[in-house]
>>> print(open('run18.txt').read())   # compact mmCIF, C-alpha atoms
# COMPACT_ATOMS: atom_id res chain seq x y z
CA MET A 27 -6.76 34.25 -21.00
CA ARG A 28 -8.11 30.76 -21.19
CA THR A 29 -11.71 30.10 -20.19
CA PHE A 30 -10.86 27.93 -17.19
CA VAL A 31 -8.56 30.70 -15.92
CA HIS A 32 -11.53 33.08 -15.91
CA LEU A 33 -13.69 30.57 -14.05
CA VAL A 34 -11.06 29.74 -11.44
CA LEU A 35 -10.29 33.44 -10.88
CA LEU A 36 -14.00 34.05 -10.35
CA ALA A 37 -14.13 31.27 -7.75
CA CYS A 38 -10.99 32.64 -6.08
CA ALA A 39 -12.50 36.15 -5.91
CA ILE A 40 -15.59 34.75 -4.21
CA ALA A 41 -13.46 32.74 -1.75
CA VAL A 42 -11.32 35.76 -0.83
CA ALA A 43 -14.40 37.98 -0.39
CA VAL A 44 -16.10 35.45 1.90
CA GLY A 45 -12.85 34.80 3.79
CA ALA A 46 -12.51 38.53 4.48
CA PHE A 47 -15.39 38.29 6.97
CA LEU A 48 -14.40 35.05 8.73
CA PRO A 49 -11.85 34.56 11.54
CA VAL A 50 -8.19 34.47 10.51
CA VAL A 51 -6.58 33.28 13.78
CA GLY A 52 -8.73 32.03 16.62
CA ASP A 53 -11.49 34.60 17.02
CA ILE A 54 -9.52 37.42 15.36
CA ALA A 55 -11.15 38.49 12.12
CA PRO A 56 -9.61 40.90 9.58
CA GLY A 57 -12.07 43.50 10.89
CA ASP A 58 -10.27 43.42 14.25
CA VAL A 59 -7.05 44.78 12.73
CA ALA A 60 -7.26 48.55 12.50
CA LEU A 61 -6.23 50.81 9.66
CA VAL A 62 -5.69 54.46 10.50
CA ASP A 63 -5.57 57.11 7.77
CA VAL A 64 -5.52 54.33 5.18
CA ALA A 65 -2.13 53.17 6.53
CA LEU A 66 -1.59 49.75 8.02
CA VAL A 67 -0.59 51.05 11.43
CA ASP A 68 -1.31 47.87 13.41
CA LEU A 69 0.31 45.79 10.72
CA ARG A 70 3.28 48.07 10.15
CA ASP A 71 4.08 49.05 13.74
CA GLY A 72 2.75 45.96 15.45
CA PHE A 73 0.36 45.69 18.31
CA PRO A 74 1.24 47.60 21.49
CA THR A 75 3.32 45.69 24.00
CA GLY A 76 1.30 43.75 26.53
CA PHE A 77 -1.70 43.07 24.27
CA THR A 78 -3.06 39.56 24.33
CA VAL A 79 -4.94 37.82 21.55
CA GLU A 80 -8.20 38.33 23.48
CA GLN A 81 -7.62 42.10 23.72
CA ILE A 82 -6.90 42.36 20.00
CA GLU A 83 -10.12 40.58 19.09
CA LYS A 84 -12.15 42.89 21.36
CA GLN A 85 -11.09 46.04 19.48
CA ALA A 86 -13.95 47.95 17.93
CA VAL A 87 -12.76 48.98 14.49
CA VAL A 88 -14.76 50.92 11.91
CA PHE A 89 -15.26 48.87 8.73
CA TYR A 90 -13.38 51.21 6.42
CA ARG A 91 -10.40 51.13 8.78
CA SER A 92 -10.10 47.34 8.96
CA MET A 93 -7.97 44.81 7.12
CA THR A 94 -11.19 43.51 5.62
CA VAL A 95 -11.01 46.37 3.14
CA LEU A 96 -7.66 45.14 1.78
CA LEU A 97 -8.98 41.64 1.30
CA LEU A 98 -12.11 42.98 -0.41
CA VAL A 99 -9.94 45.11 -2.70
CA ALA A 100 -7.95 41.98 -3.56
CA ALA A 101 -11.22 40.12 -4.25
CA ALA A 102 -12.50 42.98 -6.43
CA LEU A 103 -9.27 43.00 -8.44
CA LEU A 104 -9.51 39.25 -8.94
CA LEU A 105 -13.12 39.70 -10.06
CA VAL A 106 -12.05 42.33 -12.61
CA ALA A 107 -9.33 39.96 -13.81
CA ALA A 108 -11.88 37.17 -14.19
CA LEU A 109 -14.48 39.27 -16.00
CA ALA A 110 -12.23 41.47 -18.15
CA GLY A 111 -9.28 39.15 -18.66
CA SER A 112 -6.79 41.58 -17.16
CA ARG A 113 -3.73 39.75 -15.89
CA ALA A 114 -2.39 42.97 -14.36
CA ALA A 115 -5.49 43.32 -12.16
CA GLY A 116 -5.15 39.68 -11.15
CA TRP A 117 -1.52 40.06 -10.19
CA LEU A 118 -2.22 43.26 -8.28
CA GLY A 119 -5.07 41.56 -6.39
CA VAL A 120 -2.88 38.60 -5.48
CA LEU A 121 -0.06 40.86 -4.31
CA VAL A 122 -2.38 43.01 -2.17
CA GLY A 123 -4.06 40.02 -0.56
CA ILE A 124 -0.95 37.95 0.09
CA GLY A 125 0.89 41.04 1.32
CA ALA A 126 -1.83 41.84 3.85
CA LEU A 127 -1.97 38.26 5.14
CA ALA A 128 1.82 37.94 5.24
CA VAL A 129 2.30 41.16 7.19
CA LEU A 130 -0.49 40.17 9.59
CA GLY A 131 1.16 36.82 10.22
CA TRP A 132 4.58 38.39 10.62
CA ARG A 133 3.36 41.00 13.11
CA LEU A 134 1.32 38.47 15.08
CA ASP A 135 4.36 36.21 15.29
CA ASP A 136 6.55 39.15 16.29
CA ARG A 137 4.29 40.31 19.14
CA LEU A 138 2.36 37.20 20.14
CA GLY A 139 4.50 34.35 18.83
CA ASP A 140 4.86 32.63 22.21
CA VAL A 141 1.12 32.82 22.90
CA VAL A 142 0.34 31.34 19.49
CA ARG A 143 2.95 28.58 19.86
CA ASP A 144 1.84 27.68 23.39
CA ASN A 145 -1.90 27.68 22.59
CA TYR A 146 -1.89 26.65 18.94
CA ASP A 147 -4.45 23.90 19.50
CA THR A 148 -7.15 26.41 20.53
CA LEU A 149 -6.03 29.57 18.72
CA LEU A 150 -5.57 27.99 15.32
CA GLY A 151 -8.90 26.20 15.30
CA GLY A 152 -11.70 27.75 13.28
CA ARG A 153 -9.54 29.84 10.99
CA TRP A 154 -11.84 29.57 8.00
CA GLY A 155 -11.07 33.11 6.88
CA LEU A 156 -7.40 32.23 6.53
CA TYR A 157 -8.25 29.04 4.68
CA LEU A 158 -10.56 30.76 2.20
CA ALA A 159 -8.62 33.99 1.67
CA GLY A 160 -5.18 32.40 1.66
CA GLY A 161 -6.23 29.41 -0.39
CA GLY A 162 -8.06 31.58 -2.91
CA LEU A 163 -5.03 33.86 -3.28
CA ILE A 164 -2.60 30.96 -3.71
CA ILE A 165 -4.80 29.27 -6.31
CA ALA A 166 -5.23 32.61 -8.11
CA LEU A 167 -1.44 32.99 -8.13
CA LEU A 168 -1.02 29.56 -9.68
CA VAL A 169 -3.76 30.18 -12.26
CA LEU A 170 -2.18 33.48 -13.29
CA LEU A 171 0.98 31.56 -14.15
CA VAL A 172 -0.88 29.65 -16.89
CA PRO A 173 0.39 30.84 -20.27
CA LYS A 174 -1.84 32.87 -22.57
CA GLU A 175 -3.71 31.23 -25.41
CA ARG A 176 -1.97 31.21 -28.73
CA PRO A 177 -3.79 33.11 -31.44
CA THR A 178 -5.40 30.83 -34.01
CA VAL A 179 -4.20 31.24 -37.55
>>> encode(input="run18.txt", output="structure tokens")
Amino acid sequence: MRTFVHLVLLACAIAVAVGAFLPVVGDIAPGDVALVDVALVDLRDGFPTGFTVEQIEKQAVVFYRSMTVLLLVAAALLLVAALAGSRAAGWLGVLVGIGALAVLGWRLDDRLGDVVRDNYDTLLGGRWGLYLAGGGLIIALLVLLVPKERPTV
């Protein structure tokens, strides 16, 4: 890979890792979304009916069962791609990270779409985790599309 690709992937890995600990929507952080038995139960099945955004953010979730782990795995894969030059690790990291954020957004819209639409001015403020993680993943995706260097003759 080209040198600037390594540098940008390193910056993206740092952004995704930092964004994994910051709020994604309102006061909901990735650590508030539970994983059970290493399956994305809250993301796959959705939040139980009748939950509000405030109840979701009050959940006490063990670190290794939170969505933070998926974002940190994505950041680690981007770091490996930056340090070792592995495009496969970079693509896998981007897919894991964007997949986790996309499913979270889809399930939140499915269960709490009206609440988010009615209160978007307060709920969508302070979503630095989404900005850093999502932005880092999108930039990493674009950087991975840069063609490889041609071998010098």
>>> closest_residue(input="run18.txt", among="A:Ile124, A:Leu163, A:Leu97, A:Val169", to="A:Phe30", atoms="all atoms listed in the file")
A:Val169
>>> atom_distance(input="run18.txt", atom1="atom CA of A:Ala166", atom2="atom CA of A:Val34")
7.3 Å
>>> closest_residue(input="run18.txt", among="A:Val42, A:Ala114, A:Ala159, A:Ala108", to="A:Arg28", atoms="all atoms listed in the file")
A:Ala108
>>> axis_aligned_box(input="run18.txt", around="stretch 51-57 of chain A", padding_each_side="6 Å", output="AutoDock Vina command-line options")
--center_x -9.3 --center_y 37.8 --center_z 13.3 --size_x 17.5 --size_y 23.5 --size_z 19.4
>>> residues_around(input="run18.txt", residues="stretch 172-177 of chain A", least_positions_apart="3", cutoff="10 Å", atoms="only C-alpha atoms", output="list in words")
Met27, Arg28, Thr29, Val31, Arg113, Leu167, Leu168 and Val169 of chain A
>>> residues_near_point(input="run18.txt", point="(-6.8, 43.9, -8.7)", cutoff="12 Å", atoms="only C-alpha atoms", output="PyMOL selection string")
chain A and resi 35+39+96-123+163+166
>>> closest_residue(input="run18.txt", among="A:Leu134, A:Leu33, A:Ala128, A:Leu156", to="A:Phe47", atoms="all atoms listed in the file")
A:Leu156
>>> atom_distance(input="run18.txt", atom1="atom CA of A:Leu36", atom2="atom CA of A:Asp53")
27.5 Å
>>> atom_distance(input="run18.txt", atom1="atom CA of A:Asn145", atom2="atom CA of A:Gly45")
22.9 Å
>>> residues_around(input="run18.txt", residues="A:Leu48", least_positions_apart="3", cutoff="8 Å", atoms="only C-alpha atoms", output="list in words")
Val44, Gly45, Ala55, Pro56, Arg153, Trp154, Gly155 and Leu156 of chain A
>>> write_last_selection(input="run18.txt", atoms="C-alpha atoms", output="PDB file, in the coordinates of the input")
ATOM      1  CA  VAL A  44     -16.100  35.450   1.900  1.00  0.00           C
ATOM      2  CA  GLY A  45     -12.850  34.800   3.790  1.00  0.00           C
ATOM      3  CA  ALA A  55     -11.150  38.490  12.120  1.00  0.00           C
ATOM      4  CA  PRO A  56      -9.610  40.900   9.580  1.00  0.00           C
ATOM      5  CA  ARG A 153      -9.540  29.840  10.990  1.00  0.00           C
ATOM      6  CA  TRP A 154     -11.840  29.570   8.000  1.00  0.00           C
ATOM      7  CA  GLY A 155     -11.070  33.110   6.880  1.00  0.00           C
ATOM      8  CA  LEU A 156      -7.400  32.230   6.530  1.00  0.00           C
TER       9      LEU A 156
END
